[in-house]
Every structure is written in structure tokens, then in C-alpha cells.
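Input: a single structure, listed below in C-alpha cells.
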Amino acid sequence: MALLRYIGRRLLFVLPQLFGIVAVSFFLLKMIPGDPALLMLGPLASQEAIDEIRSVMGLDKSLIEQFIIYLERVLSGDLGTSWQTTKPVMEDLLKRFPATMELVTLSLLFALIIGIPIGILASLLKKSIINKFSTYYGLLAGSLPDFWLGLIFIFVFYTILGWAAAPMGRLDLGILPPTVVSGSYFIDSLIAGDWETFGNVVAHLTLPVLTLGLINAGPIIKMTQSTMDRLLESDHIRYARSCGLGEFQIVRRAFRNSLPSVLTIVSVLYSFLIGGAVLVEIVFSWGGAGQYALSGVLNADINPVMGFVVWSAILCLVLYLIVDLLYFAIDPRLRD
Amino acid sequence: MNTEISLSLNNLTVDYPGYKGSGTTAVKDVSFSISKGKVLGLVGESGAGKTSIARAITRQLVEPGEITGGEIFFEDKDIVTMSQKDLKSYLGSQISLIVPNPKSELDPLLTIGRQLGDVVRTHLKLSKSETKQAVLDVLEAVQIPDHNSRFSAYPHELSGGMAQRVIIAMSLICNPKFVISDDATSGLDVTVQREIMKLMQKIIKEKNLSVLFITRDIGLAAHFCDHLGLLFRGQIVELAPINEFFKNPIHPYSLALLSAFSHSAKWRKVYSTDPEKWSKEFFKDGNVPNSLIEVDEGHLVRMEK
């Protein structure tokens, strides 16, 4: 019951937070020079035509008026239209966000699967090769740009070896996407039980997930290792040792205590990658939300950008709520 | 006589090597033995090496500390040279440790029932229900009120005194033969301290435990121990049966400590004969002679021959 009240209170704060995010990003975007009307009509358009489209788009009104009109539309669920795709932004994003979420989620899962064991082992075996490996891995993952690694992977595994699927989106051209349930092809093809499509989806996911996963495993390894280092030296672990508990128990207790830190770094990476995976999305022609927002920024197409901001803000707020609930599940001290 | 000895230290030396240059010798040539069912009090100021001795006995020295010399015999096994596996089977079951600051020594994420149960199951291989019963029994034995509900309490929900009782329960749950109490009551206020001490006294008597009782409070040791060793800069300066120690203290450090703890002018006069004479040279370079001399039966004092 107390938990429900807590969730309710948190959700109450979501609205003012969203308002702030929308306001700040709206005015910042309006400060970027560039006239959409000019871009839409091209350099040869007449002044009357430009003026007309400006008044149709409401660009001749004051900034405050434009903002209020935008807010009213957002509240009614209308994120405007993108003049590039000529489709409602909401429709575009409903297609593109699942693509990004699918990529980011699987990449982080992969990063966790390799990062946590390496971090634990590096902390346990101080003088081993795995400890050195983790040191250099952190350095390498921190200094390599992810899009570059993606390009190398494409060059090696697609161009030379021919093992990987073409880096041209989420599915081969001849294959129809599965019926939309969640929007993630990975999940939807599983639900449909369509193994051929599923195989193709996995083939297309492999390289980008590998790219993002390997890069983001770096901070996860570092965080796991340093927290485990600290915990293995802590009072209660030393005490557990002096009670004669087995090594497996000791490691399990230390790991359990280091979970909050790992969770923190994962949530930070997750919220960063929702927009930050854009370069990898471009390299693999993923058609994700970051790519969509970027082309909006480059073409003074404000609606897709604002739509992206609103959506990713909501996703981040939900993500942080989930993370806080997970903290509660892990640490009894926070529950009161 | 020898068969009754539970634990003995022979010339134990513990070093903390420095990262460069000379390190610190925290414990230097310490020898004593504790008979079965007896309590040896080890008293010393901070940095005297008390905790290093406790950690050396359990081989849990903090890095980079290491045992560089001597033997620690528990019954007839040398703990220093024992394999990790053997050591683990002794710790918690035969030899157990009562620690200070109980709240940071318990895992904050697990219930105390679970933590006690883990120790039992590691050493005694009991079934789930037998484990739970053993835990409830020991919680009752350390007089934790309402022990059925405390079973599923987390450490942060306990008061300092309760947490200390849990630590005591943890040390008793496998029926050990030897218990080390390292400054166990230092974090508690005096009334709680008294309750805990009474409890420990009762349990030691009932179970005929041998105890190494480490403390900073010589007054506490006076009420509690059969023998008393005084530790100064890693060395034992005086070791005697408890009555002998208080009746006939010889070493200047013993006298200084006793006079510092004396609450009346009369007692201070008894103990501090002439502090001016020795204190300066003694405390300046800590020049402690190498020889422990037996001045009376079981009464050893470190002094020049």
C-alpha cells in the first residue's frame, strides 16, 4: 500500500517535469537559426508563398503564442506533422521508438551478460590475466567511438567474411515485418511464432547489438569491479569470512550489495542510449528514433525533434521510476 | 596441565609492510595461552595491536598485514600453517569472533535469521526446518525479546544492543570451544554494556567456553577475566592472574594505566608511586626490554634482568 502511494506521488511529479522539459527544449530549438518555410519551398519561392506558408504554420505569431498552441496540441495527443515525411510525428515515432528500444535493450542485456562476470572475476582474482584484461578493456571501450567499431564490424563480418546480414535496417527487403504487438520485431516475431522472420531479425540485430554492447560493457565492468573491490574489503564481508562462510556465499553477498551501483550505471547508460545510439543507428540504417530526431534537427523540422524529446523524456521518467522500485526490492533500508 | 590448554600463541609477530621503506610491526613476539573454560583479558590502548591479534587468530588480517612469525595453536593444530579449507571449517564453528560495531558487521541486505541460518548450514549441514529451529533457539538464548519476529528483521531495524546480541548469537550458534571478543561492548552505552556483559558471563559459564577478551577498559576486564595481559606497542608488558595483577602491579605502564582508571585520590596514590621518574624515558622511545621475567607464579613482567 505504501508502495502504491509512493508510485502515485512519483507519477504526480511527472507532469511538471514533462512541462519543464518541453518548455526548455521548445525555446532552445526556436533559437536555432533556420526558416522551415524557406527550406520547404526552396530558394526560388516567391515572398508571398513563403509568407503564406509561414502563416499556415503559425510562424508569424509570437514565440509564447506558438508555445501555447504547441502545448494544447501535445495535450490532445497531437505531436504535429513532419514536413519531411509528411506524416504525423506520433505515427512515425510509434514505428521508430520500438526499433531504438529493441536495439538499446538487447545491447545493454548483452553488455550486462559479459560485463558483470568479468567485473566480478577481475575483482576476485587480483593478480590474474582477467584483471589486466578488464583494465585494458575499460580503457579501450572508453576511447573507441561506437560508430567506428560498427563500421569495422561491417567491414570484417559483412564485406570480407560475408557472415553478417547487410547493414540495411532491421529486416531483409523480401521479408514482411511481423504483426505489430509491441513494435519490437524481436518480440513480435516470437509471438507470431514465425521462425524465419525471427532468424532474420536476429541476424540483423547481431552486429549493432555487438557494437553497442561491447562499448557499453566497459563502464559496467568498471563499476562492478570497483564496487566489488570495495565490498570484499568491507566490514560485513570480512565478518562473514570470519564466520567461515564459503567463498560462493561471500561472493554472492558482495554481489548483492553491489547491485545498486550496477543498476545505477545501467539506468544512466539506458537513458543516454535512447538518443545516444544515433550514430550506430545511422551506420546500420536502423531507422530508429535518434536518426529521426537528428534529421529533424538538420532540416529545421521542429515537430519530430520535439516529439522525440517528449517521448524520450517520458521513457526516461518511467525508467527511473522502475529503477527506484528495483532499489527498494534490493535494499530493505530504503523501504521505510 | 598442557592438555587443558585451548589456545596458545607462541611468539606471534604481525607486520604491516609499508609500500616503500619500513613497515610497522603491530604485534611483536606475543605469547600467551588460555586454558579451557578460562577468560584471558587483553587490555591495551588504541594501536597496541589488540585487533591485529584477534584478526591473526582468525587469519583475517587487513591487507597488507601478515603473520611473519610464531605459531597459534588451537588445541593441537597450528592455525598459521593450516590450509584455507581447514581454517574455514574451524572459523564460526570451533573458533568464533564477537566484533565491535555490530551494525556494520552484519550484511544490511539480509535478515538476521538468514545470516544466522547461513552460518549454521555452512557448518552443521542441517535441514531447513532444523536450521530455523537452531536460529530461534540461539536468539532466545541471547535473550532477544520477541525472537520469533526478530528472525525476519533486518540489521538496520535493530538497536545497537540488539545487534550486539545478534553477533553474540552468531558466535555461539555452532557451539564453539573458543570465542574471541574484540572490544565487543565499545559501541554501547553503559547500561546496555552491563546487560551484554552479564549475558556473556552467563553463557561462558554455561558452555564452559574459553575466551580471549580484548578490551580498552581495564575496569571491565577486572570483573570479567581470570587472567589479564597488558599490551603496549605490540608487546605484552605484564601478564598475571587477575587478583595478582591488581594487588601487585609492577610494570610502569600497568601502574600508569591503573592510576588513570582510579576514580579516587586514594587509589591513585596507591598505584602511581612516582610517575615522573619513569614515564618520560619510557614513553619517549617505547624502549621495551626483550625479556619477560616471571616474578611470581604466572606473573610475567617485561623488564631488565
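Chain identifiers are assigned as A, B, and so on, following the order in which chains appear in the C-alpha cells; residues are numbered from 1 within each chain, and ligands are numbered from 1 in order of appearance.
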Per residue of segment 70-96 of chain B within 7 Å of segment 227-250 of chain A, note the shortest atom pair and the distance in Å to one decimal, counting only C-alpha atoms, and order the rows by chain and increasing residue number, as a tab-separated table.
residue	atom	partner	partner_atom	distance
B:Lys88	CA	A:Gly244	CA	4.6
B:Ser89	CA	A:Gly244	CA	6.4
B:Leu91	CA	A:Gly244	CA	4.6
B:Gly92	CA	A:Cys243	CA	4.0
B:Ser96	CA	A:Cys243	CA	6.7
Could you write out the selected residues, including N, CA, C and O atoms, as a JSON list (two decimals), in the first residue's frame?
[["chain", "number", "residue", "atom", "x", "y", "z"],
["B", 88, "LYS", "N", 38.56, -22.61, 7.28],
["B", 88, "LYS", "CA", 37.14, -22.28, 7.12],
["B", 88, "LYS", "C", 36.26, -23.20, 7.96],
["B", 88, "LYS", "O", 35.23, -22.78, 8.47],
["B", 89, "SER", "N", 36.69, -24.46, 8.09],
["B", 89, "SER", "CA", 35.85, -25.37, 8.87],
["B", 89, "SER", "C", 35.95, -25.08, 10.37],
["B", 89, "SER", "O", 35.07, -25.43, 11.13],
["B", 91, "LEU", "N", 36.59, -21.77, 11.59],
["B", 91, "LEU", "CA", 36.02, -20.45, 11.86],
["B", 91, "LEU", "C", 34.50, -20.52, 11.91],
["B", 91, "LEU", "O", 33.88, -21.09, 11.03],
["B", 92, "GLY", "N", 33.94, -19.91, 12.93],
["B", 92, "GLY", "CA", 32.49, -19.89, 13.03],
["B", 92, "GLY", "C", 31.95, -21.11, 13.73],
["B", 92, "GLY", "O", 30.87, -21.06, 14.31],
["B", 96, "SER", "N", 35.10, -18.65, 17.28],
["B", 96, "SER", "CA", 34.24, -17.61, 16.71],
["B", 96, "SER", "C", 34.60, -16.26, 17.27],
["B", 96, "SER", "O", 35.27, -16.14, 18.29]]
Worksheet entry | Shell around segment 72-84 of chain A at 9 Å using only C-alpha atoms, local window under 3 positions removed, as a count of residues only | 19
Worksheet item: How many Å lie between atom CA of Val211 of chain B and atom CA of Asn10 of chain B, rounded to one decimal?
Response: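 So the answer is 17.3 Å.
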Worksheet item: Got a sec to tell me which of segment 126-188 of chain A DSSP assigns to helix (DSSP H, G or I), as a VMD selection string?
Response: chain A and resid 129 to 143 146 to 160 185 to 188
Worksheet entry | Near-Thr224 of chain A list (10 Å; only C-alpha atoms; drop same-chain fewer than 5 positions) as a PyMOL selection string | chain A and resi 112+115-123+219+229+255+258-259+261-263+265
Discussion item. Give me the residues near Pro241 of chain B as a PyMOL selection string, where near means some atom within 10 Å (using only C-alpha atoms) and where sequence neighbours in that chain fewer than 4 positions away do not count.
Written reply: chain B and resi 40-41+225-229+245-246+297-300
Discussion item. So that I can see what lies close to segment 33-38 of chain B, please list as a list in words the residues with an atom at most 8 Å from it, counting only C-alpha atoms and leaving out residues fewer than 6 positions away in the same chain.
Written reply: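 Here the qualifying residues turn out to be Glu4, Ile5, Ser6, Leu7, Ser8, Leu9, Ile204, Lys205, Asn208, Leu209, Ser210, Val211, Leu212, Cys225 and Asp226 of chain B.
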Set out as a Markdown table a contact list for segment 278-322 of chain A and segment 13-31 of chain A with a cut-off of 8 Å, giving each residue of segment 278-322 of chain A that qualifies its closest atom pair and distance in Å to one decimal, counting only C-alpha atoms, ordered by chain and rising residue number.
| residue | atom | partner | partner_atom | distance |
| --- | --- | --- | --- | --- |
| A:Ile302 | CA | A:Leu29 | CA | 7.2 |
| A:Met306 | CA | A:Phe26 | CA | 6.9 |
| A:Val309 | CA | A:Val22 | CA | 7.3 |
| A:Val310 | CA | A:Val22 | CA | 6.6 |
| A:Ala313 | CA | A:Leu18 | CA | 6.9 |
| A:Ile314 | CA | A:Leu18 | CA | 7.4 |
| A:Leu317 | CA | A:Val14 | CA | 7.1 |
Item to complete: Tell me which protein, DNA and RNA residues are within 12 Å of Glu157 of chain B, counting only C-alpha atoms, leaving out same-chain ones fewer than 4 positions away, and put them as a list in words.
Response: Pro332, Arg333, Leu334, Arg335 and Asp336 of chain A; Lys103, Leu106, Pro108, Leu109, Leu110, Thr111, Ile112, Ser149, Arg150, Phe151, Ser152, Ala153, Gly161, Met162 and Ala163 of chain B
Practice prompt. Excluding Ala134 of chain B and residues on its chain fewer than 4 positions from it, collect all residues at most 12 Å away from it, counting only C-alpha atoms, and give them as a list in words.
Written response: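 Once the adjacent positions are removed, what remains is Gly113, Arg114, Leu116, Gly117, Asp118, Val119, Val120, Arg121, Leu124, Lys125, Leu126, Ser127, Lys128, Ser129, Glu130, Val138, Leu139, Glu140, Ala141, Phe151, Ala169, Met170, Leu172, Ile173, Cys174 and Asn175 of chain B.
Taking atom CA of Ala111 of chain A as the reference point, atom CA of Ala217 of chain A is found at 4.3 Å.
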Worksheet item: Of the candidates A:Val180, A:Val209, A:Leu71, A:Leu279, which one gets nearest to Leu103 of chain A if we count only C-alpha atoms?
Response: A:Val209
Worksheet item: Which residue out of B:Val80, B:Val192, B:Leu87, B:Ile250 has the minimum interatomic distance to chain A when only C-alpha atoms are used?
Response: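 When distances to chain A are compared using only C-alpha atoms, the smallest one comes from B:Leu87.
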Response to the item:
Nearest to Thr51 of chain B, restricted to only C-alpha atoms and choosing among B:Arg165, B:Lys202, B:Arg216, B:Lys77, comes out as B:Arg216
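Atom CA of Ile32 of chain A lies 28.2 Å from atom CA of Met101 of chain A.
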Item to complete: Once DSSP has gone over the backbone, tell me which residues of segment 67-298 of chain B are in strand (DSSP E or B), as number ranges by chain.
Response: B: 67-74, 77-78, 91, 95-98, 178-182, 210-215, 227-232, 235-241, 292-296
Residues as selected, N, CA and C atoms, written as a compact mmCIF listing (two decimals), in the first residue's frame, can you do that?
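Result went into result35.txt, see below:
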# COMPACT_ATOMS: atom_id res chain seq x y z
N ILE B 67 51.18 -12.46 9.06
CA ILE B 67 51.84 -13.08 10.20
C ILE B 67 53.25 -13.42 9.75
N THR B 68 54.25 -12.80 10.38
CA THR B 68 55.62 -13.05 9.91
C THR B 68 56.38 -13.98 10.85
N GLY B 69 55.77 -14.36 11.94
CA GLY B 69 56.48 -15.28 12.80
C GLY B 69 55.57 -15.82 13.88
N GLY B 70 55.95 -16.96 14.42
CA GLY B 70 55.24 -17.51 15.55
C GLY B 70 54.20 -18.53 15.17
N GLU B 71 53.56 -19.08 16.18
CA GLU B 71 52.57 -20.12 15.98
C GLU B 71 51.33 -19.77 16.78
N ILE B 72 50.20 -20.24 16.27
CA ILE B 72 48.96 -20.11 17.02
C ILE B 72 48.36 -21.50 17.12
N PHE B 73 48.43 -22.09 18.30
CA PHE B 73 47.90 -23.44 18.44
C PHE B 73 46.50 -23.41 19.00
N PHE B 74 45.58 -23.99 18.21
CA PHE B 74 44.24 -24.22 18.75
C PHE B 74 44.15 -25.71 18.99
N LYS B 77 46.39 -27.98 16.73
CA LYS B 77 46.60 -27.59 15.33
C LYS B 77 47.16 -26.17 15.24
N ASP B 78 48.13 -25.99 14.35
CA ASP B 78 48.68 -24.64 14.16
C ASP B 78 47.84 -23.89 13.12
N LEU B 91 36.59 -21.77 11.59
CA LEU B 91 36.02 -20.45 11.86
C LEU B 91 34.50 -20.52 11.91
N ILE B 95 36.03 -21.84 16.49
CA ILE B 95 36.54 -20.56 16.96
C ILE B 95 35.60 -19.49 16.41
N SER B 96 35.10 -18.65 17.28
CA SER B 96 34.24 -17.61 16.71
C SER B 96 34.60 -16.26 17.27
N LEU B 97 34.15 -15.26 16.55
CA LEU B 97 34.59 -13.90 16.81
C LEU B 97 33.39 -13.03 17.13
N ILE B 98 33.50 -12.27 18.21
CA ILE B 98 32.48 -11.26 18.51
C ILE B 98 33.12 -9.91 18.20
N PHE B 178 36.02 -21.93 21.48
CA PHE B 178 36.84 -20.77 21.79
C PHE B 178 36.21 -19.53 21.17
N VAL B 179 36.09 -18.49 21.97
CA VAL B 179 35.47 -17.25 21.47
C VAL B 179 36.42 -16.09 21.67
N ILE B 180 36.56 -15.29 20.62
CA ILE B 180 37.34 -14.07 20.74
C ILE B 180 36.35 -12.92 20.80
N SER B 181 36.45 -12.11 21.83
CA SER B 181 35.59 -10.94 21.88
C SER B 181 36.47 -9.72 21.68
N ASP B 182 36.31 -9.07 20.52
CA ASP B 182 37.17 -7.94 20.21
C ASP B 182 36.44 -6.64 20.51
N SER B 210 36.25 -21.11 26.40
CA SER B 210 37.50 -20.37 26.60
C SER B 210 37.38 -19.08 25.82
N VAL B 211 37.84 -17.99 26.44
CA VAL B 211 37.60 -16.70 25.82
C VAL B 211 38.86 -15.84 25.82
N LEU B 212 39.11 -15.21 24.69
CA LEU B 212 40.08 -14.13 24.65
C LEU B 212 39.28 -12.84 24.64
N PHE B 213 39.38 -12.09 25.73
CA PHE B 213 38.53 -10.92 25.89
C PHE B 213 39.36 -9.66 25.70
N ILE B 214 39.20 -9.07 24.51
CA ILE B 214 40.00 -7.89 24.19
C ILE B 214 39.21 -6.65 24.52
N THR B 215 39.82 -5.72 25.23
CA THR B 215 39.09 -4.50 25.60
C THR B 215 40.05 -3.35 25.85
N HIS B 227 42.62 -14.16 33.82
CA HIS B 227 43.98 -13.65 33.68
C HIS B 227 43.90 -12.33 32.93
N LEU B 228 44.98 -11.55 33.08
CA LEU B 228 44.98 -10.29 32.37
C LEU B 228 46.34 -10.04 31.74
N GLY B 229 46.31 -9.70 30.47
CA GLY B 229 47.55 -9.35 29.78
C GLY B 229 47.47 -7.90 29.36
N LEU B 230 48.57 -7.19 29.56
CA LEU B 230 48.58 -5.78 29.20
C LEU B 230 49.46 -5.61 27.97
N LEU B 231 48.87 -5.03 26.94
CA LEU B 231 49.57 -4.93 25.67
C LEU B 231 49.99 -3.48 25.46
N PHE B 232 51.26 -3.31 25.08
CA PHE B 232 51.73 -1.95 24.80
C PHE B 232 52.64 -1.98 23.59
N GLN B 235 53.55 -5.40 22.25
CA GLN B 235 54.18 -6.39 23.13
C GLN B 235 53.41 -6.51 24.43
N ILE B 236 53.49 -7.71 25.01
CA ILE B 236 52.90 -7.88 26.33
C ILE B 236 53.87 -7.33 27.35
N VAL B 237 53.41 -6.37 28.18
CA VAL B 237 54.31 -5.83 29.18
C VAL B 237 54.10 -6.47 30.55
N GLU B 238 52.88 -6.95 30.76
CA GLU B 238 52.66 -7.64 32.04
C GLU B 238 51.52 -8.62 31.86
N LEU B 239 51.68 -9.81 32.41
CA LEU B 239 50.67 -10.85 32.28
C LEU B 239 50.54 -11.54 33.63
N ALA B 240 49.34 -11.56 34.19
CA ALA B 240 49.21 -12.10 35.54
C ALA B 240 47.79 -12.58 35.79
N PRO B 241 47.61 -13.46 36.78
CA PRO B 241 46.26 -13.78 37.23
C PRO B 241 45.61 -12.50 37.73
N LEU B 292 60.79 -11.22 29.22
CA LEU B 292 59.65 -11.30 30.15
C LEU B 292 60.14 -12.11 31.34
N ILE B 293 60.04 -11.56 32.50
CA ILE B 293 60.57 -12.24 33.68
C ILE B 293 59.42 -12.68 34.58
N GLU B 294 59.49 -13.91 35.04
CA GLU B 294 58.44 -14.42 35.93
C GLU B 294 58.77 -14.00 37.35
N VAL B 295 57.97 -13.06 37.86
CA VAL B 295 58.27 -12.57 39.21
C VAL B 295 57.55 -13.38 40.27
N ASP B 296 56.47 -14.01 39.87
CA ASP B 296 55.72 -14.84 40.80
C ASP B 296 55.09 -15.92 39.93
